[in-house]
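This report refers to the structure that appears directly beneath it.
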Amino acid sequence: LPVWKSFVAVELMLSSSEGLSAYELRRALGGSYKTAWFAAHRIRAAMRGHGAELLRSLVEAELREAGVSSSAPAPADLDRANQTVLARMRRVAGPHHSLSVKYLPAYIDERRWRSAHQGNPFVFRDTINALLRSEGISYDRLVAAS
(Lines give C-alpha, C1' and ligand atoms only; values in the text may rest on other atoms or scores of the structure.)
Protein backbone atom coordinates (compact mmCIF):
# COMPACT_ATOMS: atom_id res chain seq x y z
CA LEU A 1 0.00 0.00 0.00
CA PRO A 2 1.52 3.37 -0.94
CA VAL A 3 2.24 5.63 2.03
CA TRP A 4 -0.33 8.19 0.94
CA LYS A 5 -3.03 5.48 0.88
CA SER A 6 -1.94 4.40 4.36
CA PHE A 7 -2.47 7.97 5.56
CA VAL A 8 -5.89 8.06 3.91
CA ALA A 9 -6.77 4.71 5.54
CA VAL A 10 -5.85 6.07 8.98
CA GLU A 11 -7.92 9.20 8.42
CA LEU A 12 -10.93 7.20 7.20
CA MET A 13 -10.77 4.82 10.16
CA LEU A 14 -10.47 7.69 12.63
CA SER A 15 -13.24 9.79 11.12
CA SER A 16 -15.79 6.99 10.99
CA SER A 17 -17.85 7.05 14.18
CA GLU A 18 -18.87 3.41 13.80
CA GLY A 19 -15.65 2.06 12.37
CA LEU A 20 -14.89 1.14 8.81
CA SER A 21 -15.16 -2.31 7.30
CA ALA A 22 -12.42 -3.60 5.03
CA TYR A 23 -14.95 -3.59 2.20
CA GLU A 24 -15.60 0.13 2.73
CA LEU A 25 -11.88 0.81 2.95
CA ARG A 26 -11.26 -1.12 -0.27
CA ARG A 27 -13.98 0.84 -2.01
CA ALA A 28 -12.42 4.14 -0.87
CA LEU A 29 -8.79 3.25 -1.63
CA GLY A 30 -9.10 0.85 -4.54
CA GLY A 31 -7.04 -2.32 -4.70
CA SER A 32 -7.95 -5.69 -3.30
CA TYR A 33 -10.09 -6.57 -0.30
CA LYS A 34 -7.14 -8.52 1.18
CA THR A 35 -4.91 -5.42 1.05
CA ALA A 36 -7.59 -3.23 2.65
CA TRP A 37 -8.26 -5.85 5.36
CA PHE A 38 -4.56 -6.19 6.15
CA ALA A 39 -4.04 -2.40 6.20
CA ALA A 40 -6.95 -1.94 8.60
CA HIS A 41 -5.61 -4.63 10.92
CA ARG A 42 -2.12 -3.12 10.87
CA ILE A 43 -3.64 0.20 11.95
CA ARG A 44 -5.66 -1.58 14.65
CA ALA A 45 -2.45 -3.28 15.86
CA ALA A 46 -1.01 0.18 16.50
CA MET A 47 -4.14 1.08 18.47
CA ARG A 48 -3.50 -1.85 20.79
CA GLY A 49 -4.90 -1.52 24.25
CA HIS A 50 -6.64 -3.92 26.55
CA GLY A 51 -9.11 -5.48 24.11
CA ALA A 52 -7.84 -9.02 24.70
CA GLU A 53 -8.14 -8.68 28.48
CA LEU A 54 -11.62 -7.17 28.15
CA LEU A 55 -12.76 -9.99 25.89
CA ARG A 56 -11.33 -12.60 28.26
CA SER A 57 -13.16 -11.05 31.22
CA LEU A 58 -16.43 -10.95 29.26
CA VAL A 59 -16.12 -14.63 28.32
CA GLU A 60 -15.30 -15.53 31.94
CA ALA A 61 -18.36 -13.57 33.13
CA GLU A 62 -20.51 -15.40 30.57
CA LEU A 63 -19.19 -18.75 31.81
CA ARG A 64 -19.91 -17.79 35.44
CA GLU A 65 -23.42 -16.69 34.46
CA ALA A 66 -23.95 -20.09 32.84
CA GLY A 67 -22.69 -21.83 36.00
CA VAL A 68 -19.51 -23.14 34.35
CA SER A 69 -16.06 -23.00 35.96
CA SER A 70 -13.91 -20.64 33.89
CA SER A 71 -10.73 -22.41 35.05
CA ALA A 72 -11.47 -25.58 33.07
CA PRO A 73 -14.54 -25.13 30.86
CA ALA A 74 -15.56 -27.84 28.44
CA PRO A 75 -14.87 -26.89 24.82
CA ALA A 76 -18.60 -26.73 24.08
CA ASP A 77 -19.18 -24.36 27.04
CA LEU A 78 -16.28 -22.15 25.99
CA ASP A 79 -17.52 -22.06 22.39
CA ARG A 80 -21.04 -21.17 23.55
CA ALA A 81 -19.68 -18.39 25.80
CA ASN A 82 -17.52 -17.05 22.95
CA GLN A 83 -20.48 -17.00 20.58
CA THR A 84 -22.71 -15.26 23.14
CA VAL A 85 -20.08 -12.58 23.77
CA LEU A 86 -19.48 -12.25 20.04
CA ALA A 87 -23.19 -11.69 19.39
CA ARG A 88 -23.30 -9.02 22.11
CA MET A 89 -20.16 -7.30 20.86
CA ARG A 90 -21.15 -7.06 17.17
CA ARG A 91 -22.70 -3.66 17.71
CA VAL A 92 -19.68 -2.43 19.70
CA ALA A 93 -17.18 -3.49 17.07
CA GLY A 94 -18.86 -1.56 14.27
CA PRO A 95 -19.74 -2.52 10.72
CA HIS A 96 -17.38 -5.46 10.38
CA HIS A 97 -19.07 -8.12 8.28
CA SER A 98 -17.09 -11.20 9.29
CA LEU A 99 -16.51 -10.51 12.95
CA SER A 100 -14.79 -13.40 14.70
CA VAL A 101 -13.62 -13.96 18.25
CA LYS A 102 -10.02 -14.04 17.01
CA TYR A 103 -10.11 -10.42 15.80
CA LEU A 104 -12.60 -9.01 18.31
CA PRO A 105 -9.88 -7.60 20.64
CA ALA A 106 -8.53 -5.56 17.72
CA TYR A 107 -11.98 -4.12 16.99
CA ILE A 108 -12.46 -3.33 20.68
CA ASP A 109 -9.07 -1.62 20.78
CA GLU A 110 -9.96 0.43 17.69
CA ARG A 111 -13.24 1.56 19.26
CA ARG A 112 -11.53 2.41 22.55
CA TRP A 113 -8.76 4.34 20.71
CA ARG A 114 -11.28 6.43 18.81
CA SER A 115 -13.27 7.04 21.99
CA ALA A 116 -10.17 7.99 24.03
CA HIS A 117 -9.06 10.44 21.32
CA GLN A 118 -12.45 11.98 20.66
CA GLY A 119 -11.95 15.72 20.47
CA ASN A 120 -8.17 15.35 20.22
CA PRO A 121 -7.10 17.70 17.41
CA PHE A 122 -3.89 15.66 17.05
CA VAL A 123 -5.49 12.20 16.79
CA PHE A 124 -4.16 11.66 13.27
CA ARG A 125 -0.62 12.55 14.33
CA ASP A 126 -0.91 10.41 17.46
CA THR A 127 -2.14 7.44 15.44
CA ILE A 128 0.66 7.78 12.89
CA ASN A 129 3.16 7.97 15.79
CA ALA A 130 1.62 4.83 17.29
CA LEU A 131 2.01 3.11 13.92
CA LEU A 132 5.65 4.14 13.70
CA ARG A 133 6.38 3.02 17.27
CA SER A 134 4.45 -0.25 17.02
CA GLU A 135 6.06 -3.56 16.36
CA GLY A 136 3.75 -4.05 13.39
CA ILE A 137 2.30 -7.35 12.35
CA SER A 138 2.94 -9.55 9.35
CA TYR A 139 0.10 -10.96 7.29
CA ASP A 140 1.19 -14.51 8.16
CA ARG A 141 1.12 -13.76 11.88
CA LEU A 142 -2.24 -12.02 11.58
CA VAL A 143 -3.97 -14.94 9.89
CA ALA A 144 -2.15 -17.70 11.82
CA ALA A 145 -4.28 -19.90 14.03
CA SER A 146 -4.38 -18.65 17.60
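Going by the C-alpha coordinates order, chains are called A, B, ..., each with residues numbered from 1, while ligands are numbered from 1 in the order shown.
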
Query raised in the report: Neighbours of Ala52 (chain A) within 9 Å (only C-alpha atoms; same-chain residues fewer than 4 positions away dropped), as a list in words?
Result: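 So the residues in contact are Arg56, Ser57, Leu104, Pro105, Ala106, Ile108 and Asp109 of chain A.
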
Report task. Might you pull out every residue within 12 Å of region 20-25 of chain A, with only C-alpha atoms counted and same-chain residues fewer than 5 positions away left off, and present them as a ChimeraX atom specification? Result -> /A:5-6,8-15,30-44,93-99,107,110-111,114

Query raised in the report: When you draw a straight line from CA of Leu78 (chain A) to CA of Ala45 (chain A), how long is it in Å?
Result: 25.5 Å

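Coordinates place CA of Leu1 (chain A) at a distance of 20.4 Å from CA of Asp126 (chain A).
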
**Report entry** Interatomic distance, CA of Leu55 (chain A) to CA of Pro75 (chain A) (Å, one decimal)
**Finding:**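 We find that CA of Leu55 (chain A) and CA of Pro75 (chain A) lie 17.1 Å from each other.
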
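Nearest to Ala116 (chain A) of all the residues A:Ser69, A:Met47, A:Asn82, A:Leu131 is A:Met47, based on only C-alpha atoms.
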